[in-house]
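Asker: Can you keep this structure in mind? I'll have questions shortly.
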Amino acid sequence: MQLRYILRVTTTLFATYYAYMLEYRAELFIWLLSNSLPFILMGAWLKASETGSFGFTALEFIRYFLAVFVVRQFNIVWVIWDFEKELISGQLSHRLLQPLDPFWHHLINHIAERFARLPMLVVLIALFFILYPQSFWVPSWSTGLMATFIVTIAFLLRFLIQYTFGLLSFWTERASAIEQLWFLAYIFLSGIIAPLDVFPPLVRDIVLWTPFPYMVYFPAALLVGKAIAVWQGIGIMAGWMAIFFVANRWLWRKGIQQYSGMGA
């Protein structure tokens, strides 16, 4: 009965949030296009590859930045702004009356949004291959399944990190400012600006122990067939998830005590 109840609640929430997202298809398309930074950077790296040696051919750069664009569509997270708004406006009080942790509302909302944007993403990928036919490739089944698994973990890791930052809203009204600082490091160290292969070896070795490259570079490199330490990467991701999960639950308990103490 417990499993049946969980499935019913999950499917109901998913259907609700999916229908809500479909009402904003035009906005979703704009969000999709707003993440076109990898294509801009692709042009710059293609030009640089003509005169320098970066360990990537022009074709590999094209495929890599397409993979980055695809991966980013699945790990976009905005939960910190939603949670901050709910707390400041008092909407969190209504969430707490429900027999369900608000965490699950936000998570399923994000998952539903992924499915809503998927058809538009497929169209843009097809258009990309029409413009760059030489870049067409199809990953093997094993690579595709492993990449899907890693992208899922990457999304959950990014969601958990941002949700943990969002819990700081119990103590400050500008928790999103912390996310903005984190985002600067994320942009430069995750592989969005450049693949980690072009980093100096010492810098690359240090960065690989942080969570940043596993949210973009790791799955993107796997998709394009680069040799990466898959199981080591999954282990590091699991370690960071454990750290942020413990921090998340601790901040939630402390935050709820303060929120209740304020008479909310």
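In the structure tokens, chains take letters A, B, ... by order of appearance, with residues numbered from 1 within each chain and ligands from 1 in the order shown.
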Which residues of region 66-175 of chain A have any atom within 7 Å of an atom in region 8-19 of chain A when counting only C-alpha atoms, and what is the closest pair of atoms for each, with the distance in Å to one decimal? Order the rows by chain and rising number and write it as CSV.
Answerer:
```
residue,atom,partner,partner_atom,distance
A:Ile108,CA,A:Phe14,CA,5.9
A:Asn109,CA,A:Tyr17,CA,5.4
A:Ala112,CA,A:Tyr18,CA,4.8
A:Glu113,CA,A:Tyr18,CA,6.5
A:Ala116,CA,A:Tyr18,CA,6.6
```
Asker: Can you list, as a PyMOL selection string, every protein, DNA or RNA residue that comes within 12 Å of Thr143 (chain A) when you count only C-alpha atoms, leaving out same-chain residues fewer than 4 positions away?
Answerer: chain A and resi 138-139+147-151+219-228+230
Asker: Could you write those residues out with C-alpha atoms, as a short mmCIF file (atom, residue, chain, number, x, y, z; two decimals), in the first residue's frame?
Answerer:
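What landed in selection-v5.cif:
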```cif
data_model
loop_
_atom_site.label_atom_id
_atom_site.label_comp_id
_atom_site.auth_asym_id
_atom_site.auth_seq_id
_atom_site.Cartn_x
_atom_site.Cartn_y
_atom_site.Cartn_z
CA VAL A 138 25.09 8.44 -32.81
CA PRO A 139 26.52 7.13 -29.52
CA ALA A 147 25.52 8.97 -20.36
CA THR A 148 21.81 9.06 -19.44
CA PHE A 149 22.62 7.60 -16.05
CA ILE A 150 25.41 10.12 -15.42
CA VAL A 151 23.29 13.07 -16.63
CA PRO A 219 28.69 13.41 -19.34
CA ALA A 220 29.51 15.54 -22.41
CA ALA A 221 32.95 13.93 -22.83
CA LEU A 222 31.39 10.49 -22.46
CA LEU A 223 28.81 11.26 -25.16
CA VAL A 224 31.47 12.27 -27.70
CA GLY A 225 33.61 9.22 -26.97
CA LYS A 226 36.44 10.73 -24.91
CA ALA A 227 38.31 8.39 -22.57
CA ILE A 228 37.24 9.21 -18.99
CA VAL A 230 33.68 6.60 -15.46
#
```
Asker: Using only C-alpha atoms, which residue out of A:Leu32, A:Leu3, A:Val77, A:Val246 lies closest to Leu124 (chain A)?
Answerer: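 For Leu124 (chain A), the nearest of the candidates is A:Leu32.
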Asker: Leaving out region 169-184 of chain A and any residue of its chain fewer than 5 positions from it, which residues lie within 10 Å of it when counting only C-alpha atoms, given as a list of chain:residue names?
Answerer: A:Trp78, A:Val79, A:Ile80, A:Trp81, A:Asp82, A:Phe83, A:Glu84, A:Lys85, A:Glu86, A:Leu87, A:Ile88, A:Ile161, A:Gln162, A:Tyr163, A:Thr164, A:Leu189, A:Ser190, A:Phe212, A:Leu251, A:Trp252, A:Lys254, A:Gly255, A:Ile256, A:Gln257, A:Gln258, A:Tyr259
Asker: Take the residues just selected and output them with N, CA and C atoms as a PDB file, in the first residue's frame.
Answerer:
```pdb
ATOM      1  N   TRP A  78      16.522  25.914 -10.856  1.00  0.00           N
ATOM      2  CA  TRP A  78      16.117  27.247 -10.386  1.00  0.00           C
ATOM      3  C   TRP A  78      15.444  27.158  -9.009  1.00  0.00           C
ATOM      4  N   VAL A  79      15.633  26.046  -8.312  1.00  0.00           N
ATOM      5  CA  VAL A  79      14.911  25.801  -7.063  1.00  0.00           C
ATOM      6  C   VAL A  79      15.215  26.854  -6.004  1.00  0.00           C
ATOM      7  N   ILE A  80      16.418  27.424  -5.997  1.00  0.00           N
ATOM      8  CA  ILE A  80      16.763  28.390  -4.954  1.00  0.00           C
ATOM      9  C   ILE A  80      15.884  29.632  -5.037  1.00  0.00           C
ATOM     10  N   TRP A  81      15.527  30.050  -6.247  1.00  0.00           N
ATOM     11  CA  TRP A  81      14.674  31.227  -6.401  1.00  0.00           C
ATOM     12  C   TRP A  81      13.230  30.903  -6.005  1.00  0.00           C
ATOM     13  N   ASP A  82      12.771  29.703  -6.352  1.00  0.00           N
ATOM     14  CA  ASP A  82      11.422  29.300  -5.959  1.00  0.00           C
ATOM     15  C   ASP A  82      11.300  29.178  -4.447  1.00  0.00           C
ATOM     16  N   PHE A  83      12.284  28.531  -3.827  1.00  0.00           N
ATOM     17  CA  PHE A  83      12.225  28.328  -2.374  1.00  0.00           C
ATOM     18  C   PHE A  83      12.326  29.667  -1.643  1.00  0.00           C
ATOM     19  N   GLU A  84      13.215  30.522  -2.117  1.00  0.00           N
ATOM     20  CA  GLU A  84      13.382  31.843  -1.513  1.00  0.00           C
ATOM     21  C   GLU A  84      12.076  32.626  -1.581  1.00  0.00           C
ATOM     22  N   LYS A  85      11.416  32.564  -2.731  1.00  0.00           N
ATOM     23  CA  LYS A  85      10.143  33.272  -2.909  1.00  0.00           C
ATOM     24  C   LYS A  85       9.064  32.695  -2.000  1.00  0.00           C
ATOM     25  N   GLU A  86       8.992  31.360  -1.887  1.00  0.00           N
ATOM     26  CA  GLU A  86       7.986  30.731  -1.048  1.00  0.00           C
ATOM     27  C   GLU A  86       8.166  31.113   0.416  1.00  0.00           C
ATOM     28  N   LEU A  87       9.412  31.154   0.841  1.00  0.00           N
ATOM     29  CA  LEU A  87       9.675  31.452   2.249  1.00  0.00           C
ATOM     30  C   LEU A  87       9.350  32.906   2.570  1.00  0.00           C
ATOM     31  N   ILE A  88       9.797  33.820   1.711  1.00  0.00           N
ATOM     32  CA  ILE A  88       9.591  35.247   1.973  1.00  0.00           C
ATOM     33  C   ILE A  88       8.105  35.607   1.891  1.00  0.00           C
ATOM     34  N   ILE A 161      22.651  20.569  -4.506  1.00  0.00           N
ATOM     35  CA  ILE A 161      23.533  21.672  -4.109  1.00  0.00           C
ATOM     36  C   ILE A 161      22.750  22.977  -4.032  1.00  0.00           C
ATOM     37  N   GLN A 162      21.970  23.259  -5.071  1.00  0.00           N
ATOM     38  CA  GLN A 162      21.243  24.531  -5.084  1.00  0.00           C
ATOM     39  C   GLN A 162      20.137  24.554  -4.035  1.00  0.00           C
ATOM     40  N   TYR A 163      19.493  23.418  -3.810  1.00  0.00           N
ATOM     41  CA  TYR A 163      18.447  23.366  -2.780  1.00  0.00           C
ATOM     42  C   TYR A 163      19.057  23.589  -1.397  1.00  0.00           C
ATOM     43  N   THR A 164      20.256  23.064  -1.192  1.00  0.00           N
ATOM     44  CA  THR A 164      20.952  23.277   0.074  1.00  0.00           C
ATOM     45  C   THR A 164      21.255  24.757   0.271  1.00  0.00           C
ATOM     46  N   LEU A 189      34.573  26.098 -14.413  1.00  0.00           N
ATOM     47  CA  LEU A 189      35.193  24.824 -14.051  1.00  0.00           C
ATOM     48  C   LEU A 189      34.391  23.594 -14.462  1.00  0.00           C
ATOM     49  N   SER A 190      33.197  23.795 -14.981  1.00  0.00           N
ATOM     50  CA  SER A 190      32.340  22.647 -15.315  1.00  0.00           C
ATOM     51  C   SER A 190      32.554  22.125 -16.724  1.00  0.00           C
ATOM     52  N   PHE A 212      32.171  20.381  -9.870  1.00  0.00           N
ATOM     53  CA  PHE A 212      31.846  21.137 -11.078  1.00  0.00           C
ATOM     54  C   PHE A 212      31.947  20.344 -12.380  1.00  0.00           C
ATOM     55  N   LEU A 251      20.422  21.632   7.701  1.00  0.00           N
ATOM     56  CA  LEU A 251      19.916  22.992   7.504  1.00  0.00           C
ATOM     57  C   LEU A 251      18.389  23.016   7.528  1.00  0.00           C
ATOM     58  N   TRP A 252      17.755  21.976   6.978  1.00  0.00           N
ATOM     59  CA  TRP A 252      16.290  21.912   6.971  1.00  0.00           C
ATOM     60  C   TRP A 252      15.744  21.846   8.396  1.00  0.00           C
ATOM     61  N   LYS A 254      17.227  22.742  11.261  1.00  0.00           N
ATOM     62  CA  LYS A 254      17.502  23.996  11.954  1.00  0.00           C
ATOM     63  C   LYS A 254      16.631  25.132  11.411  1.00  0.00           C
ATOM     64  N   GLY A 255      16.457  25.156  10.095  1.00  0.00           N
ATOM     65  CA  GLY A 255      15.664  26.211   9.482  1.00  0.00           C
ATOM     66  C   GLY A 255      14.202  26.146   9.876  1.00  0.00           C
ATOM     67  N   ILE A 256      13.634  24.933   9.897  1.00  0.00           N
ATOM     68  CA  ILE A 256      12.227  24.774  10.278  1.00  0.00           C
ATOM     69  C   ILE A 256      12.011  25.189  11.726  1.00  0.00           C
ATOM     70  N   GLN A 257      12.985  24.884  12.601  1.00  0.00           N
ATOM     71  CA  GLN A 257      12.871  25.304  14.002  1.00  0.00           C
ATOM     72  C   GLN A 257      12.831  26.829  14.094  1.00  0.00           C
ATOM     73  N   GLN A 258      13.686  27.485  13.332  1.00  0.00           N
ATOM     74  CA  GLN A 258      13.693  28.956  13.345  1.00  0.00           C
ATOM     75  C   GLN A 258      12.428  29.513  12.730  1.00  0.00           C
ATOM     76  N   TYR A 259      11.971  28.896  11.629  1.00  0.00           N
ATOM     77  CA  TYR A 259      10.769  29.361  10.939  1.00  0.00           C
ATOM     78  C   TYR A 259       9.549  29.246  11.859  1.00  0.00           C
TER      79      TYR A 259
END
```
